[in-house]
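See below for data-v7.tsv, which holds TSV, C-alpha atoms.
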chain	number	residue	atom	x	y	z
A	1	MET	CA	2.46	-37.09	34.12
A	2	GLY	CA	1.27	-38.32	37.50
A	3	PHE	CA	-1.09	-37.36	40.32
A	4	LEU	CA	-0.32	-36.99	44.02
A	5	ALA	CA	-4.00	-37.50	44.89
A	6	PRO	CA	-5.40	-39.67	42.07
A	7	TRP	CA	-8.54	-40.62	44.01
A	8	PHE	CA	-9.91	-37.12	43.30
A	9	LEU	CA	-10.19	-38.15	39.64
A	10	ALA	CA	-13.36	-39.95	40.68
A	11	GLY	CA	-14.89	-36.49	40.58
A	12	LEU	CA	-14.88	-36.76	36.79
A	13	ALA	CA	-18.06	-38.77	37.26
A	14	ALA	CA	-19.75	-35.40	37.92
A	15	LEU	CA	-19.43	-34.73	34.18
A	16	SER	CA	-22.56	-36.79	33.74
A	17	LEU	CA	-24.62	-34.03	35.42
A	18	PRO	CA	-24.30	-31.47	32.59
A	19	LEU	CA	-24.91	-34.24	30.07
A	20	TRP	CA	-28.11	-35.14	31.88
A	21	LEU	CA	-29.20	-31.50	32.02
A	22	HIS	CA	-28.49	-30.78	28.35
A	23	LEU	CA	-29.27	-34.04	26.60
A	24	LEU	CA	-31.82	-35.94	28.66
A	25	ARG	CA	-33.86	-33.14	30.16
A	26	ARG	CA	-34.89	-31.47	26.93
A	27	HIS	CA	-37.91	-29.26	27.24
A	28	ARG	CA	-40.71	-30.65	25.17
A	29	MET	CA	-43.45	-28.30	24.03
A	30	LEU	CA	-46.93	-29.63	23.41
A	31	PRO	CA	-48.92	-27.92	20.62
A	32	LYS	CA	-52.06	-26.19	21.77
A	33	GLN	CA	-55.00	-24.91	19.74
A	34	PHE	CA	-55.39	-21.14	19.34
A	35	SER	CA	-58.19	-19.18	17.75
A	36	SER	CA	-56.51	-16.63	15.47
A	37	LEU	CA	-53.09	-15.04	14.90
A	38	MET	CA	-54.27	-12.03	12.90
A	39	PHE	CA	-53.71	-9.60	15.78
A	40	PHE	CA	-50.10	-10.74	16.42
A	41	GLU	CA	-47.19	-8.77	14.97
A	42	ARG	CA	-44.88	-10.66	12.63
A	43	ARG	CA	-41.28	-11.08	13.72
A	44	THR	CA	-38.25	-13.11	12.70
A	45	GLN	CA	-37.90	-16.31	14.67
A	46	SER	CA	-34.45	-17.07	16.08
A	47	SER	CA	-32.50	-19.77	14.35
A	48	VAL	CA	-32.84	-23.22	15.89
A	49	LYS	CA	-29.32	-24.13	14.80
A	50	ARG	CA	-27.87	-21.05	16.52
A	51	ARG	CA	-29.65	-21.86	19.76
A	52	ARG	CA	-28.37	-25.41	19.54
A	53	LEU	CA	-24.81	-24.14	19.13
A	54	ASP	CA	-25.27	-21.93	22.20
A	55	TYR	CA	-26.44	-24.93	24.20
A	56	LEU	CA	-23.44	-26.99	23.06
A	57	ALA	CA	-21.03	-24.18	23.95
A	58	LEU	CA	-22.57	-23.92	27.41
A	59	LEU	CA	-22.32	-27.70	27.80
A	60	ALA	CA	-18.63	-27.65	26.84
A	61	LEU	CA	-17.88	-24.89	29.37
A	62	ARG	CA	-19.59	-26.77	32.18
A	63	LEU	CA	-17.75	-29.99	31.36
A	64	ALA	CA	-14.41	-28.16	31.18
A	65	LEU	CA	-15.04	-26.48	34.56
A	66	LEU	CA	-15.82	-29.77	36.34
A	67	ALA	CA	-12.85	-31.54	34.71
A	68	THR	CA	-10.51	-28.70	35.72
A	69	LEU	CA	-11.67	-28.87	39.34
A	70	ALA	CA	-11.14	-32.63	39.48
A	71	LEU	CA	-7.65	-32.35	37.97
A	72	ALA	CA	-6.72	-29.49	40.31
A	73	PHE	CA	-7.64	-31.50	43.41
A	74	ALA	CA	-5.75	-34.52	42.04
A	75	ASN	CA	-2.55	-32.40	42.18
A	76	PRO	CA	-0.91	-33.35	38.85
A	77	TYR	CA	2.80	-33.15	38.19
A	78	LEU	CA	5.08	-33.75	35.20
A	79	THR	CA	7.94	-36.22	35.09
A	80	ARG	CA	10.97	-36.67	32.85
A	81	ARG	CA	11.02	-40.21	31.56
A	82	THR	CA	14.46	-39.96	29.95
A	83	ALA	CA	16.23	-39.07	33.18
A	84	ALA	CA	14.42	-41.79	35.08
A	85	ALA	CA	15.30	-44.40	32.47
A	86	SER	CA	19.00	-43.54	32.70
A	87	GLY	CA	19.07	-44.45	36.39
A	88	ALA	CA	18.97	-40.94	37.83
A	89	ARG	CA	17.90	-40.68	41.45
A	90	THR	CA	14.94	-38.65	42.59
A	91	VAL	CA	15.23	-37.18	46.09
A	92	VAL	CA	11.95	-36.23	47.75
A	93	LEU	CA	11.99	-33.76	50.66
A	94	ALA	CA	8.72	-34.29	52.54
A	95	ILE	CA	8.27	-31.65	55.24
A	96	ASP	CA	5.54	-31.93	57.86
A	97	ASN	CA	3.69	-28.62	58.29
A	98	SER	CA	0.94	-29.82	60.62
A	99	PHE	CA	-0.16	-27.93	63.73
A	100	SER	CA	2.24	-29.76	66.04
A	101	MET	CA	5.24	-28.49	64.04
A	102	ARG	CA	4.63	-25.05	65.56
A	103	GLU	CA	6.04	-26.30	68.89
A	104	GLY	CA	9.56	-25.26	69.80
A	105	GLY	CA	10.73	-24.24	66.34
A	106	ARG	CA	10.30	-27.73	64.89
A	107	LEU	CA	9.41	-26.47	61.44
A	108	ASP	CA	12.45	-24.18	61.39
A	109	GLN	CA	14.65	-27.16	62.23
A	110	ALA	CA	12.98	-29.24	59.52
A	111	ARG	CA	13.59	-26.51	56.95
A	112	ARG	CA	17.26	-26.21	57.92
A	113	GLU	CA	17.82	-29.97	57.62
A	114	ALA	CA	15.99	-30.04	54.29
A	115	GLN	CA	18.25	-27.28	52.98
A	116	SER	CA	21.28	-29.32	54.09
A	117	VAL	CA	20.04	-32.42	52.24
A	118	LEU	CA	19.32	-30.31	49.15
A	119	ALA	CA	22.84	-28.87	49.20
A	120	GLY	CA	24.32	-32.39	49.30
A	121	LEU	CA	22.66	-33.71	46.14
A	122	ARG	CA	24.90	-35.39	43.58
A	123	PRO	CA	25.14	-34.17	39.96
A	124	GLY	CA	22.26	-35.63	37.95
A	125	ASP	CA	19.95	-36.01	40.95
A	126	ARG	CA	16.49	-34.51	40.79
A	127	ALA	CA	14.64	-33.13	43.80
A	128	GLN	CA	11.00	-32.80	44.78
A	129	VAL	CA	9.78	-30.65	47.69
A	130	LEU	CA	6.51	-31.72	49.30
A	131	SER	CA	4.64	-30.32	52.28
A	132	PHE	CA	2.10	-32.54	53.97
A	133	ALA	CA	-0.43	-32.48	56.77
A	134	SER	CA	-3.86	-34.00	56.12
A	135	THR	CA	-3.11	-33.57	52.38
A	136	VAL	CA	0.08	-33.52	50.29
A	137	LYS	CA	1.11	-30.44	48.31
A	138	ARG	CA	3.88	-30.03	45.76
A	139	MET	CA	5.71	-26.75	46.37
A	140	HIS	CA	7.25	-26.08	42.93
A	141	GLN	CA	6.96	-26.68	39.21
A	142	ASP	CA	8.58	-29.59	37.42
A	143	GLY	CA	12.27	-29.16	36.59
A	144	ALA	CA	12.76	-26.31	39.07
A	145	PRO	CA	16.35	-25.03	39.49
A	146	PRO	CA	18.12	-25.29	42.90
A	147	GLY	CA	17.30	-21.69	43.76
A	148	GLU	CA	13.59	-22.29	43.30
A	149	LEU	CA	13.79	-25.48	45.40
A	150	LYS	CA	15.43	-23.56	48.25
A	151	ALA	CA	12.71	-20.93	48.05
A	152	ALA	CA	10.05	-23.66	48.04
A	153	ILE	CA	11.43	-25.08	51.30
A	154	GLU	CA	11.43	-21.66	52.96
A	155	ALA	CA	7.87	-21.00	51.74
A	156	ILE	CA	6.44	-23.88	53.79
A	157	GLU	CA	4.41	-22.47	56.70
A	158	PRO	CA	2.76	-24.36	59.58
A	159	GLY	CA	-0.93	-25.11	59.20
A	160	ASP	CA	-3.75	-26.09	61.53
A	161	ALA	CA	-4.38	-29.65	60.31
A	162	ARG	CA	-3.22	-33.00	61.66
A	163	SER	CA	-0.54	-34.80	59.69
A	164	SER	CA	-1.29	-38.10	57.96
A	165	TYR	CA	1.47	-40.53	57.04
A	166	GLY	CA	-1.10	-42.59	55.16
A	167	GLU	CA	-1.77	-39.74	52.72
A	168	LEU	CA	1.96	-39.16	52.31
A	169	ALA	CA	2.61	-42.85	51.59
A	170	ARG	CA	-0.19	-42.91	49.00
A	171	ALA	CA	1.30	-39.87	47.26
A	172	LEU	CA	4.79	-41.41	47.31
A	173	ARG	CA	3.50	-44.62	45.74
A	174	SER	CA	1.93	-42.61	42.93
A	175	LEU	CA	5.16	-40.64	42.49
A	176	SER	CA	7.25	-43.82	42.41
A	177	GLU	CA	5.08	-45.33	39.68
A	178	SER	CA	5.42	-42.20	37.56
A	179	GLU	CA	9.15	-41.70	38.03
A	180	ARG	CA	10.07	-45.32	37.12
A	181	GLY	CA	13.36	-44.95	39.00
A	182	ALA	CA	14.95	-44.98	42.45
A	183	LEU	CA	13.21	-42.76	44.95
A	184	GLU	CA	14.94	-41.50	48.09
A	185	VAL	CA	12.48	-39.91	50.50
A	186	HIS	CA	13.66	-37.70	53.36
A	187	LEU	CA	10.88	-37.28	55.92
A	188	PHE	CA	11.11	-34.25	58.21
A	189	SER	CA	8.50	-34.57	60.96
A	190	ASP	CA	7.97	-34.64	64.72
A	191	MET	CA	6.78	-38.26	64.37
A	192	GLN	CA	3.40	-37.88	66.07
A	193	ARG	CA	1.71	-41.18	66.88
A	194	SER	CA	-1.64	-39.68	65.85
A	195	SER	CA	-0.31	-39.36	62.28
A	196	MET	CA	-0.30	-43.13	61.81
A	197	PRO	CA	-3.09	-44.58	59.62
A	198	PRO	CA	-5.55	-47.15	61.01
A	199	ALA	CA	-4.04	-49.97	58.91
A	200	PHE	CA	-0.28	-50.54	58.84
A	201	GLY	CA	-0.53	-51.56	55.18
A	202	ASP	CA	-1.39	-47.97	54.29
A	203	LEU	CA	2.27	-47.09	54.94
A	204	ARG	CA	3.47	-49.32	52.10
A	205	LEU	CA	5.96	-47.64	49.73
A	206	GLY	CA	7.24	-48.55	46.27
A	207	GLU	CA	9.81	-51.28	45.76
A	208	ARG	CA	12.55	-48.83	44.77
A	209	THR	CA	11.76	-46.28	47.48
A	210	ARG	CA	14.20	-45.63	50.31
A	211	LEU	CA	12.96	-43.77	53.39
A	212	VAL	CA	15.23	-41.59	55.56
A	213	LEU	CA	13.76	-40.20	58.78
A	214	HIS	CA	14.68	-36.78	60.21
A	215	PRO	CA	12.95	-36.36	63.60
A	216	ALA	CA	12.23	-32.71	64.37
A	217	ALA	CA	11.34	-33.23	68.05
A	218	SER	CA	14.30	-33.58	70.44
A	219	LYS	CA	12.23	-34.95	73.36
A	220	ARG	CA	8.83	-36.35	74.09
A	221	ASN	CA	6.20	-33.82	75.06
A	222	PRO	CA	2.65	-34.56	76.20
A	223	ASN	CA	0.22	-34.25	73.32
A	224	TRP	CA	-3.00	-32.70	74.59
A	225	ALA	CA	-6.30	-32.88	72.77
A	226	VAL	CA	-9.94	-31.99	73.50
A	227	GLU	CA	-12.07	-35.13	73.18
A	228	SER	CA	-15.43	-33.78	74.37
A	229	VAL	CA	-17.06	-30.67	75.80
A	230	ALA	CA	-19.97	-30.70	78.26
A	231	ALA	CA	-21.97	-27.47	78.43
A	232	PRO	CA	-25.38	-26.59	79.91
A	233	ARG	CA	-28.28	-26.21	77.58
A	234	ARG	CA	-29.04	-22.73	78.85
A	235	VAL	CA	-26.60	-20.03	79.77
A	236	PHE	CA	-27.79	-17.26	82.10
A	237	GLY	CA	-25.91	-14.01	82.31
A	238	GLY	CA	-25.63	-11.91	85.42
A	239	ALA	CA	-27.66	-8.77	85.80

Have the structure of the file written as structure tokens, please.
Amino acid sequence: MGFLAPWFLAGLAALSLPLWLHLLRRHRMLPKQFSSLMFFERRTQSSVKRRRLDYLALLALRLALLATLALAFANPYLTRRTAAASGARTVVLAIDNSFSMREGGRLDQARREAQSVLAGLRPGDRAQVLSFASTVKRMHQDGAPPGELKAAIEAIEPGDARSSYGELARALRSLSESERGALEVHLFSDMQRSSMPPAFGDLRLGERTRLVLHPAASKRNPNWAVESVAAPRRVFGGA
């Protein structure tokens, strides 16, 4: 088992909050003097052990909820160790679905080329379909058949975020460590310069990872962006 975004596991530190609420912040009651209890009606007091079990059950539910959220954001996946140990190749189809891929049918071209690479896999190869923009998402379950992989490619839709090759490289390094075998990555993107990370070292891949580029943009187009907006403090409408 591996994680495409293992840094989200740091959220498990939030498990200390329910522990602090349940164990450290216990309500302490101070005894106070009272005149007489003869006018109070007798009743059966609730069991202290039962209330303690209720508190422990509530604590377990809160811990499980926080742990599930952290694991969900870490994007876990399962791997097959036996196939990796026998030298089988894992082919990763990483498709850019950032906002710029809406231009000129770039995403449609990327999907067609990914389908072509998928159809050319050798017997024994395993495939992974990833979509990435500012985050990386796995599009299918582990051990998916070819039909499900084709459907996963077609299910990728363009988003509104900016792509990040640094996030993709971090996810590929985690995948390479979990697979323990050769990794062939096919990158389908329009190769935007703004997708590059600040440090070139963030693009580092695993030792047994081979990268194949599939540019989706046929020519260079100006990339426009809004850097700042100047507006008056007061806006007056006409009568």

Proximity of region 162-214 of chain A to region 124-147 of chain A: per-residue shortest pair, 9 Å limit, all atoms listed in the file, as a Markdown table:
| residue | atom | partner | partner_atom | distance |
| --- | --- | --- | --- | --- |
| A:Arg162 | CA | A:Ala133 | CA | 5.7 |
| A:Ser163 | CA | A:Ala133 | CA | 3.7 |
| A:Ser164 | CA | A:Ser134 | CA | 5.2 |
| A:Tyr165 | CA | A:Ala133 | CA | 8.3 |
| A:Glu167 | CA | A:Thr135 | CA | 6.3 |
| A:Leu168 | CA | A:Val136 | CA | 6.3 |
| A:Ala171 | CA | A:Val136 | CA | 7.1 |
| A:Ser195 | CA | A:Ala133 | CA | 8.8 |

Find the axis-aligned box for region 132-136 of chain A, covering all its listed atoms and adding 3 Å on each side, and write its centre and edge lengths in Å to one decimal as JSON.
{"center_x": -0.9, "center_y": -33.2, "center_z": 53.5, "size_x": 12.0, "size_y": 7.5, "size_z": 12.5}

Checklist entry - If we count only C-alpha atoms, what is near Ala10 (chain A) at a cut-off of 12 Å, once residues fewer than 6 positions away on the same chain are taken out, given as number ranges by chain? => result A: 16, 66-67, 69-71, 73-74

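Here CA of Asp190 (chain A) and CA of Met101 (chain A) stand 6.8 Å from one another.
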
Set out as CSV a contact list for region 130-164 of chain A and region 113-122 of chain A with a cut-off of 10 Å, giving each residue of region 130-164 of chain A that qualifies its closest atom pair and distance in Å to one decimal, counting only C-alpha atoms, ordered by chain and rising residue number.
residue,atom,partner,partner_atom,distance
A:Pro146,CA,A:Leu118,CA,8.1
A:Leu149,CA,A:Leu118,CA,8.2
A:Lys150,CA,A:Gln115,CA,6.6
A:Ala151,CA,A:Gln115,CA,9.8
A:Ile153,CA,A:Gln115,CA,7.4
A:Glu154,CA,A:Gln115,CA,8.8

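If only C-alpha atoms are the atoms counted, then among A:Val229, A:Ala72, A:Leu15, A:Leu172 the closest residue to Arg210 (chain A) is A:Leu172.
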
Checklist outcome for this item: Restricting to all atoms listed in the file, whichever of A:Gln192, A:Ser228, A:Ser176, A:Ser218 is closest to Arg89 (chain A) is A:Ser176

Checklist entry - At what distance in Å, to one decimal, does CA of Ala152 (chain A) lie from CA of Gln109 (chain A)? => result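 So the answer is 15.3 Å.
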